[in-house]
file coords_0.cif (mmCIF, C-alpha atoms and all ligand atoms)
data_protein
#
loop_
_atom_site.label_atom_id
_atom_site.label_comp_id
_atom_site.auth_asym_id
_atom_site.auth_seq_id
_atom_site.Cartn_x
_atom_site.Cartn_y
_atom_site.Cartn_z
CA MET W 25 -35.47 24.16 -36.79
CA LYS W 26 -36.90 25.35 -33.48
CA LYS W 27 -34.78 24.81 -30.42
CA PRO W 28 -36.28 24.48 -26.96
CA LEU W 29 -35.16 26.72 -24.15
CA ILE W 30 -33.91 24.54 -21.31
CA ILE W 31 -33.91 26.17 -17.90
CA THR W 32 -31.50 24.61 -15.47
CA GLY W 33 -30.15 25.79 -12.15
CA THR W 34 -27.37 25.68 -9.63
CA ASP W 35 -29.43 23.43 -7.36
CA THR W 36 -32.93 22.42 -6.39
CA ASP W 37 -35.13 25.11 -4.81
CA ILE W 38 -33.23 28.09 -6.24
CA GLY W 39 -35.94 29.59 -8.43
CA LYS W 40 -35.97 27.66 -11.72
CA THR W 41 -39.77 27.58 -11.80
CA TYR W 42 -39.97 31.17 -10.59
CA CYS W 43 -37.71 32.37 -13.42
CA THR W 44 -39.24 30.03 -16.02
CA LEU W 45 -42.67 31.53 -15.36
CA LYS W 46 -41.24 35.00 -15.88
CA ILE W 47 -39.59 33.93 -19.13
CA ILE W 48 -42.88 32.42 -20.34
CA ASN W 49 -44.68 35.69 -19.58
CA LEU W 50 -42.06 37.64 -21.45
CA LEU W 51 -42.37 35.37 -24.48
CA LYS W 52 -46.14 35.78 -24.46
CA GLN W 53 -45.75 39.56 -24.32
CA GLU W 54 -43.61 39.24 -27.45
CA GLY W 55 -46.59 37.71 -29.18
CA LEU W 56 -45.26 34.16 -29.33
CA GLN W 57 -47.20 30.94 -28.95
CA VAL W 58 -45.50 29.43 -25.94
CA ALA W 59 -45.62 25.86 -24.69
CA SER W 60 -43.94 24.54 -21.58
CA MET W 61 -42.72 21.22 -20.25
CA LYS W 62 -41.44 19.79 -17.00
CA PRO W 63 -40.45 16.43 -18.48
CA VAL W 64 -39.48 14.75 -15.21
CA ALA W 65 -40.91 15.70 -11.84
CA THR W 66 -40.66 14.26 -8.34
CA GLY W 67 -42.55 15.39 -5.25
CA CYS W 68 -45.90 14.94 -6.99
CA THR W 69 -49.30 14.62 -5.34
CA ILE W 70 -51.96 12.07 -6.07
CA SER W 71 -55.12 13.46 -7.66
CA SER W 72 -58.14 11.79 -9.21
CA ALA W 73 -56.53 12.44 -12.62
CA GLY W 74 -53.21 10.86 -11.59
CA LEU W 75 -49.96 12.19 -10.16
CA ARG W 76 -49.63 15.95 -10.46
CA ASN W 77 -46.62 18.22 -9.94
CA HIS W 78 -46.91 21.80 -8.76
CA ASP W 79 -44.17 23.09 -11.10
CA ALA W 80 -45.70 21.33 -14.11
CA LEU W 81 -49.18 22.67 -13.31
CA GLN W 82 -47.87 26.22 -12.99
CA LEU W 83 -45.95 25.94 -16.26
CA GLN W 84 -48.94 24.39 -18.02
CA ARG W 85 -51.20 27.24 -16.86
CA ALA W 86 -48.69 29.95 -17.74
CA ALA W 87 -48.34 28.81 -21.35
CA ASN W 88 -50.73 30.18 -23.96
CA ILE W 89 -51.04 26.83 -25.70
CA GLN W 90 -53.08 24.43 -23.63
CA LEU W 91 -51.81 20.87 -23.73
CA PRO W 92 -52.67 17.60 -22.00
CA TYR W 93 -50.91 17.28 -18.66
CA GLU W 94 -49.20 14.05 -19.73
CA TRP W 95 -47.50 15.85 -22.63
CA VAL W 96 -46.24 18.58 -20.34
CA ASN W 97 -45.04 16.17 -17.66
CA PRO W 98 -44.54 12.66 -19.05
CA TYR W 99 -42.76 11.39 -15.93
CA ALA W 100 -44.25 12.13 -12.49
CA PHE W 101 -43.17 10.46 -9.26
CA GLU W 102 -44.52 10.89 -5.77
CA PRO W 103 -41.49 11.03 -3.44
CA PRO W 104 -39.57 14.33 -3.37
CA ILE W 105 -36.26 12.71 -4.22
CA ALA W 106 -33.86 12.29 -7.14
CA PRO W 107 -35.67 11.09 -10.27
CA HIS W 108 -33.67 7.92 -10.99
CA ILE W 109 -34.25 6.79 -7.40
CA ALA W 110 -37.97 7.63 -7.53
CA ALA W 111 -38.32 5.76 -10.83
CA ASN W 112 -36.49 2.77 -9.42
CA ILE W 113 -38.87 2.53 -6.46
CA VAL W 114 -41.81 2.04 -8.81
CA CYS W 115 -39.77 -0.20 -11.15
CA GLN W 116 -39.90 2.33 -14.01
CA GLU W 117 -37.11 3.64 -16.17
CA ILE W 118 -37.10 7.21 -17.46
CA ASP W 119 -36.73 6.99 -21.23
CA ILE W 120 -35.45 10.07 -23.05
CA GLU W 121 -37.01 8.84 -26.31
CA HIS W 122 -40.46 8.90 -24.65
CA ILE W 123 -39.86 12.50 -23.56
CA TYR W 124 -38.74 13.35 -27.10
CA VAL W 125 -41.95 11.91 -28.60
CA ASN W 126 -43.96 14.16 -26.28
CA TYR W 127 -41.71 17.11 -27.03
CA LEU W 128 -42.36 16.73 -30.77
CA LYS W 129 -46.13 16.83 -30.20
CA VAL W 130 -45.75 19.93 -28.05
CA ALA W 131 -43.29 21.66 -30.38
CA GLN W 132 -45.56 21.18 -33.42
CA GLN W 133 -48.06 23.56 -31.88
CA ALA W 134 -45.74 26.21 -30.49
CA ASP W 135 -43.35 28.93 -31.60
CA ILE W 136 -41.18 28.03 -28.66
CA VAL W 137 -41.07 25.34 -25.97
CA VAL W 138 -39.72 26.28 -22.55
CA ILE W 139 -38.51 23.31 -20.54
CA GLU W 140 -37.70 23.30 -16.83
CA GLY W 141 -35.14 20.72 -15.77
CA ILE W 142 -35.13 19.01 -12.41
CA GLY W 143 -32.58 19.78 -9.70
CA GLY W 144 -29.27 20.66 -11.37
CA TRP W 145 -27.54 19.88 -14.66
CA CYS W 146 -26.16 16.41 -13.82
CA VAL W 147 -29.20 14.92 -12.09
CA PRO W 148 -29.48 11.30 -13.28
CA PHE W 149 -32.58 9.96 -15.02
CA ASN W 150 -31.44 6.33 -15.29
CA PRO W 151 -28.09 4.46 -15.12
CA LEU W 152 -26.98 5.97 -18.44
CA ASP W 153 -28.69 9.32 -18.93
CA SER W 154 -29.12 12.52 -17.02
CA LEU W 155 -30.80 15.86 -17.64
CA LYS W 156 -27.90 16.94 -19.85
CA ASP W 157 -28.48 13.98 -22.17
CA LEU W 158 -32.08 15.06 -22.61
CA ALA W 159 -30.91 18.60 -23.36
CA LEU W 160 -28.50 17.23 -25.98
CA TYR W 161 -31.17 14.96 -27.47
CA LEU W 162 -33.59 17.87 -27.82
CA GLY W 163 -30.90 20.17 -29.20
CA GLY W 164 -31.75 22.72 -26.55
CA GLN W 165 -30.34 26.10 -25.73
CA VAL W 166 -29.66 26.49 -22.07
CA ILE W 167 -30.30 29.22 -19.53
CA LEU W 168 -28.70 28.78 -16.11
CA VAL W 169 -30.55 30.17 -13.09
CA VAL W 170 -28.19 31.01 -10.26
CA GLY W 171 -29.86 31.14 -6.87
CA LEU W 172 -27.80 33.81 -5.14
CA ARG W 173 -26.61 32.57 -1.77
CA LEU W 174 -23.35 31.65 -0.14
CA GLY W 175 -21.91 28.68 -2.05
CA CYS W 176 -23.47 29.59 -5.37
CA ILE W 177 -20.22 30.79 -6.96
CA ASN W 178 -18.77 27.30 -7.01
CA HIS W 179 -22.07 25.73 -8.13
CA ALA W 180 -22.55 28.32 -10.86
CA LEU W 181 -19.02 28.08 -12.27
CA LEU W 182 -19.03 24.28 -12.28
CA THR W 183 -22.44 24.14 -13.94
CA ALA W 184 -21.68 26.75 -16.59
CA GLU W 185 -18.40 25.06 -17.49
CA ARG W 186 -20.03 21.64 -17.66
CA ILE W 187 -22.90 22.84 -19.89
CA GLN W 188 -20.34 24.24 -22.32
CA GLN W 189 -18.13 21.13 -22.12
CA ASP W 190 -21.21 19.03 -22.88
CA GLY W 191 -21.48 20.99 -26.12
CA LEU W 192 -24.72 22.81 -25.43
CA PRO W 193 -25.10 26.52 -26.13
CA LEU W 194 -25.33 28.40 -22.84
CA ILE W 195 -27.36 31.44 -23.88
CA GLY W 196 -26.65 33.05 -20.56
CA TRP W 197 -27.49 33.08 -16.89
CA ILE W 198 -30.01 34.72 -14.60
CA ALA W 199 -29.11 36.13 -11.20
CA ASN W 200 -32.02 35.24 -8.94
CA HIS W 201 -32.11 36.94 -5.55
CA ILE W 202 -33.62 34.18 -3.43
CA ASP W 203 -32.31 35.37 -0.08
CA PRO W 204 -33.11 38.90 1.12
CA GLN W 205 -30.36 38.62 3.79
CA PHE W 206 -27.62 37.89 1.28
CA THR W 207 -25.60 40.80 -0.10
CA ALA W 208 -25.35 39.61 -3.67
CA GLN W 209 -23.69 42.46 -5.55
CA THR W 210 -20.08 41.26 -5.31
CA THR W 211 -21.12 37.68 -5.97
CA VAL W 212 -22.89 38.75 -9.18
CA LEU W 213 -19.80 40.72 -10.18
CA SER W 214 -17.55 37.71 -9.51
CA LEU W 215 -19.80 35.53 -11.65
CA ARG W 216 -19.95 38.07 -14.48
CA GLU W 217 -16.16 38.04 -14.60
CA ARG W 218 -15.96 34.26 -14.71
CA ILE W 219 -18.96 32.79 -16.53
CA ASN W 220 -18.30 32.68 -20.23
CA ALA W 221 -21.87 33.68 -21.11
CA PRO W 222 -23.85 36.86 -20.53
CA LEU W 223 -25.99 37.81 -17.56
CA LEU W 224 -29.47 37.87 -19.10
CA ALA W 225 -31.54 39.17 -16.22
CA SER W 226 -31.38 40.05 -12.58
CA ILE W 227 -34.49 39.07 -10.66
CA PRO W 228 -34.97 40.86 -7.36
CA TYR W 229 -36.23 39.16 -4.23
CA GLN W 230 -39.97 39.60 -4.23
CA ALA W 231 -41.70 38.73 -0.99
CA HIS W 232 -45.08 39.00 -2.69
CA ALA W 233 -46.04 38.51 -6.29
CA GLN W 234 -46.22 41.88 -7.97
CA PRO W 235 -48.57 42.40 -10.87
CA ALA W 236 -46.43 44.93 -12.71
CA GLU W 237 -42.93 43.65 -12.30
CA ALA W 238 -39.87 45.78 -12.84
CA ILE W 239 -37.52 43.09 -14.04
CA MET W 240 -34.88 44.13 -16.48
CA PHE W 241 -34.38 41.48 -19.11
CA SER W 242 -31.38 42.22 -21.27
CA GLU W 243 -31.73 43.10 -24.93
CA LEU W 244 -29.69 40.00 -25.64
CA LEU W 245 -32.32 37.78 -24.04
CA MET W 246 -35.00 39.35 -26.20
CA LYS W 247 -32.89 38.86 -29.34
CA THR W 248 -32.11 35.28 -28.41
CA ILE W 249 -35.73 34.53 -27.74
CA HIS W 250 -36.68 35.64 -31.22
CA SER W 251 -33.86 33.74 -32.88
CA VAL W 252 -34.69 30.57 -30.92
CA ALA W 253 -38.35 30.82 -31.88
CA LEU W 254 -37.74 31.11 -35.63
N1 LIG Y 301 -36.73 36.12 -6.72
C1 LIG Y 301 -37.46 35.51 -5.79
N2 LIG Y 301 -38.10 36.23 -4.83
C2 LIG Y 301 -38.85 35.63 -3.90
N3 LIG Y 301 -39.06 34.31 -3.81
C3 LIG Y 301 -38.45 33.54 -4.73
C4 LIG Y 301 -37.63 34.08 -5.76
N4 LIG Y 301 -37.18 33.06 -6.51
C5 LIG Y 301 -37.69 31.94 -5.99
N5 LIG Y 301 -38.46 32.21 -4.92
C6 LIG Y 301 -39.18 31.26 -4.08
O1 LIG Y 301 -38.26 30.23 -3.72
C7 LIG Y 301 -38.90 28.96 -3.71
C8 LIG Y 301 -38.16 28.03 -4.67
O2 LIG Y 301 -38.34 28.52 -5.99
P1 LIG Y 301 -38.68 27.53 -7.18
O3 LIG Y 301 -39.78 26.61 -6.81
O4 LIG Y 301 -38.84 28.36 -8.39
O5 LIG Y 301 -37.31 26.69 -7.22
P2 LIG Y 301 -36.89 25.52 -8.22
O6 LIG Y 301 -35.45 25.69 -8.49
O7 LIG Y 301 -37.82 25.51 -9.35
O8 LIG Y 301 -37.13 24.23 -7.30
P3 LIG Y 301 -37.27 22.69 -7.78
O9 LIG Y 301 -35.87 22.19 -7.80
O10 LIG Y 301 -38.11 22.07 -6.72
O11 LIG Y 301 -37.91 22.67 -9.12
C9 LIG Y 301 -40.37 29.21 -4.10
O12 LIG Y 301 -41.15 29.34 -2.94
C10 LIG Y 301 -40.30 30.55 -4.84
O13 LIG Y 301 -41.52 31.29 -4.79
C1 LIG Y 302 -38.45 17.32 -5.12
C2 LIG Y 302 -37.49 18.48 -5.38
N1 LIG Y 302 -38.21 19.71 -5.18
C3 LIG Y 302 -36.86 18.44 -6.73
N2 LIG Y 302 -37.91 18.54 -7.69
C4 LIG Y 302 -36.01 17.19 -6.94
C5 LIG Y 302 -34.57 17.52 -6.93
C6 LIG Y 302 -33.69 16.34 -7.20
C7 LIG Y 302 -32.24 16.60 -6.86
C8 LIG Y 302 -31.41 15.39 -6.93
C9 LIG Y 302 -30.00 15.61 -6.41
O1 LIG Y 302 -29.23 16.35 -7.01
O2 LIG Y 302 -29.67 15.06 -5.36
MG MG Y 303 -39.11 24.01 -10.01
#
call {"tool": "encode", "arguments": {"input": "coords_0.cif", "output": "structure tokens"}}
result
Amino acid sequence: MKKPLIITGTDTDIGKTYCTLKIINLLKQEGLQVASMKPVATGCTISSAGLRNHDALQLQRAANIQLPYEWVNPYAFEPPIAPHIAANIVCQEIDIEHIYVNYLKVAQQADIVVIEGIGGWCVPFNPLDSLKDLALYLGGQVILVVGLRLGCINHALLTAERIQQDGLPLIGWIANHIDPQFTAQTTVLSLRERINAPLLASIPYQAHAQPAEAIMFSELLMKTIHSVAL
């Protein structure tokens, strides 16, 4: 049974989409048929086709299986706020089962489905469920993106522990250098000593997109990717 890769992070705006796009590219280079989803998105813009989210559009374009936007992003809300609050404003409820139905359609066509969460691990979807419940429902394997800045040690340790307590496999974490002013080396070392999962990749700060990127993905990530896609 295929398992989706769920990309979560220590916070909003720490590079989940940035890293997810890199993971999708890597999977494509490995010859896999890759689909992507951003199941719940806020901060969407109105277009003639309906509400559109920048993350979801980027993920949809990066994949090598082209899918209807509504499958990629079943829940889109306009205000850039927490999803349960955005849904409440328009009297909607985010239903994990509806996301699952879309996931099944997507997964049928792909070797692997890469799913970006929203905000962090415990962001609520409705009074009962949060992102972690979706991850459990989908039987996902989780990658944690740590946006390296002051304060991230606490966020990273809490999130990693909680993912594991929730019973989801934490494949590993990615050190994402989001702040060129931050000296991250000792922070990364502190996290390596404390997170009970491997460091999968270290993504340097890149002021401009570089066509040929020198990112070192660990051998473990490559192995995991192939086992997840089976
Ligand atoms: N390694 C990096 N080098 C340079 N810029 C980066 C890096 N990682 C992320 N960024 C930039 O930081 C910003 C936030 O990244 P991104 O949109 O991926 O965050 P996110 O966690 O997906 O946010 P959201 O919670 O809104 O989904 C973007 O402008 C992105 O280009
Ligand atoms: C709009 C923004 N960029 C994110 N997509 C939404 C992040 C929700 C975070 C909710 C919270 O933890 O308070
Ligand atoms: Mg994002």
call {"tool": "closest_residue", "arguments": {"input": "coords_0.cif", "among": "W:Gln132, W:Asn77, W:Thr183, W:Gln53", "to": "ligand MG 303 (chain Y)", "atoms": "only C-alpha atoms and all ligand atoms"}}
result
W:Asn77
call {"tool": "atom_distance", "arguments": {"input": "coords_0.cif", "atom1": "atom CA of W:Gly196", "atom2": "atom C7 of ligand LIG 302 (chain Y)"}}
result
22.1 Å
call {"tool": "atom_distance", "arguments": {"input": "coords_0.cif", "atom1": "atom CA of W:Gly144", "atom2": "atom CA of W:Val58"}}
result
23.5 Å
call {"tool": "residues_around", "arguments": {"input": "coords_0.cif", "residues": "W:Trp145", "least_positions_apart": "6", "cutoff": "9 Å", "atoms": "all atoms listed in the file", "output": "PyMOL selection string"}}
result
chain W and resi 32-35+154-156+183+186-187
call {"tool": "residues_near_ligand", "arguments": {"input": "coords_0.cif", "ligand": "ligand LIG 302 (chain Y)", "cutoff": "10 Å", "atoms": "all atoms listed in the file", "output": "mmCIF file with C-alpha atoms, keeping the file's coordinate frame"}}
result
data_model
loop_
_atom_site.group_PDB
_atom_site.id
_atom_site.type_symbol
_atom_site.label_atom_id
_atom_site.label_comp_id
_atom_site.auth_asym_id
_atom_site.auth_seq_id
_atom_site.Cartn_x
_atom_site.Cartn_y
_atom_site.Cartn_z
ATOM 1 C CA THR W 34 -27.370 25.680 -9.630
ATOM 2 C CA ASP W 35 -29.430 23.430 -7.360
ATOM 3 C CA THR W 36 -32.930 22.420 -6.390
ATOM 4 C CA ASP W 37 -35.130 25.110 -4.810
ATOM 5 C CA ILE W 38 -33.230 28.090 -6.240
ATOM 6 C CA VAL W 64 -39.480 14.750 -15.210
ATOM 7 C CA ALA W 65 -40.910 15.700 -11.840
ATOM 8 C CA THR W 66 -40.660 14.260 -8.340
ATOM 9 C CA GLY W 67 -42.550 15.390 -5.250
ATOM 10 C CA CYS W 68 -45.900 14.940 -6.990
ATOM 11 C CA ASN W 77 -46.620 18.220 -9.940
ATOM 12 C CA HIS W 78 -46.910 21.800 -8.760
ATOM 13 C CA ASP W 79 -44.170 23.090 -11.100
ATOM 14 C CA PHE W 101 -43.170 10.460 -9.260
ATOM 15 C CA GLU W 102 -44.520 10.890 -5.770
ATOM 16 C CA PRO W 103 -41.490 11.030 -3.440
ATOM 17 C CA PRO W 104 -39.570 14.330 -3.370
ATOM 18 C CA ILE W 105 -36.260 12.710 -4.220
ATOM 19 C CA ALA W 106 -33.860 12.290 -7.140
ATOM 20 C CA PRO W 107 -35.670 11.090 -10.270
ATOM 21 C CA HIS W 108 -33.670 7.920 -10.990
ATOM 22 C CA ILE W 109 -34.250 6.790 -7.400
ATOM 23 C CA ALA W 110 -37.970 7.630 -7.530
ATOM 24 C CA GLY W 141 -35.140 20.720 -15.770
ATOM 25 C CA ILE W 142 -35.130 19.010 -12.410
ATOM 26 C CA GLY W 143 -32.580 19.780 -9.700
ATOM 27 C CA GLY W 144 -29.270 20.660 -11.370
ATOM 28 C CA TRP W 145 -27.540 19.880 -14.660
ATOM 29 C CA CYS W 146 -26.160 16.410 -13.820
ATOM 30 C CA VAL W 147 -29.200 14.920 -12.090
ATOM 31 C CA PRO W 148 -29.480 11.300 -13.280
ATOM 32 C CA PHE W 149 -32.580 9.960 -15.020
#
call {"tool": "closest_residue", "arguments": {"input": "coords_0.cif", "among": "W:Ile31, W:Ala59, W:Ala87, W:Ala134", "to": "ligand LIG 301 (chain Y)", "atoms": "all atoms listed in the file"}}
result
W:Ile31
call {"tool": "atom_distance", "arguments": {"input": "coords_0.cif", "atom1": "atom CA of W:Asn88", "atom2": "atom P3 of ligand LIG 301 (chain Y)"}}
result
22.3 Å
call {"tool": "closest_residue", "arguments": {"input": "coords_0.cif", "among": "W:Gln133, W:Asn178, W:Thr211, W:Thr44", "to": "W:Ala86", "atoms": "only C-alpha atoms"}}
result
W:Thr44
call {"tool": "residues_near_ligand", "arguments": {"input": "coords_0.cif", "ligand": "ligand LIG 301 (chain Y)", "cutoff": "6 Å", "atoms": "only C-alpha atoms and all ligand atoms", "output": "number ranges by chain"}}
result
W: 36-42, 142-143, 200-202, 227-231
call {"tool": "closest_residue", "arguments": {"input": "coords_0.cif", "among": "W:Leu174, W:Val130, W:Leu223, W:Ile198", "to": "W:Lys46", "atoms": "only C-alpha atoms"}}
result
W:Ile198
call {"tool": "closest_residue", "arguments": {"input": "coords_0.cif", "among": "W:Gln82, W:Asn150, W:Gln205, W:Thr210", "to": "ligand MG 303 (chain Y)", "atoms": "all atoms listed in the file"}}
result
W:Gln82
call {"tool": "closest_residue", "arguments": {"input": "coords_0.cif", "among": "W:Ile177, W:Ala208, W:Leu194, W:Met61", "to": "W:Leu91", "atoms": "all atoms listed in the file"}}
result
W:Met61
call {"tool": "residues_around", "arguments": {"input": "coords_0.cif", "residues": "W:Gly191", "least_positions_apart": "5", "cutoff": "12 Å", "atoms": "only C-alpha atoms", "output": "MDAnalysis selection string"}}
result
chainID W and resid 156:157 159:161 163:166 184:186
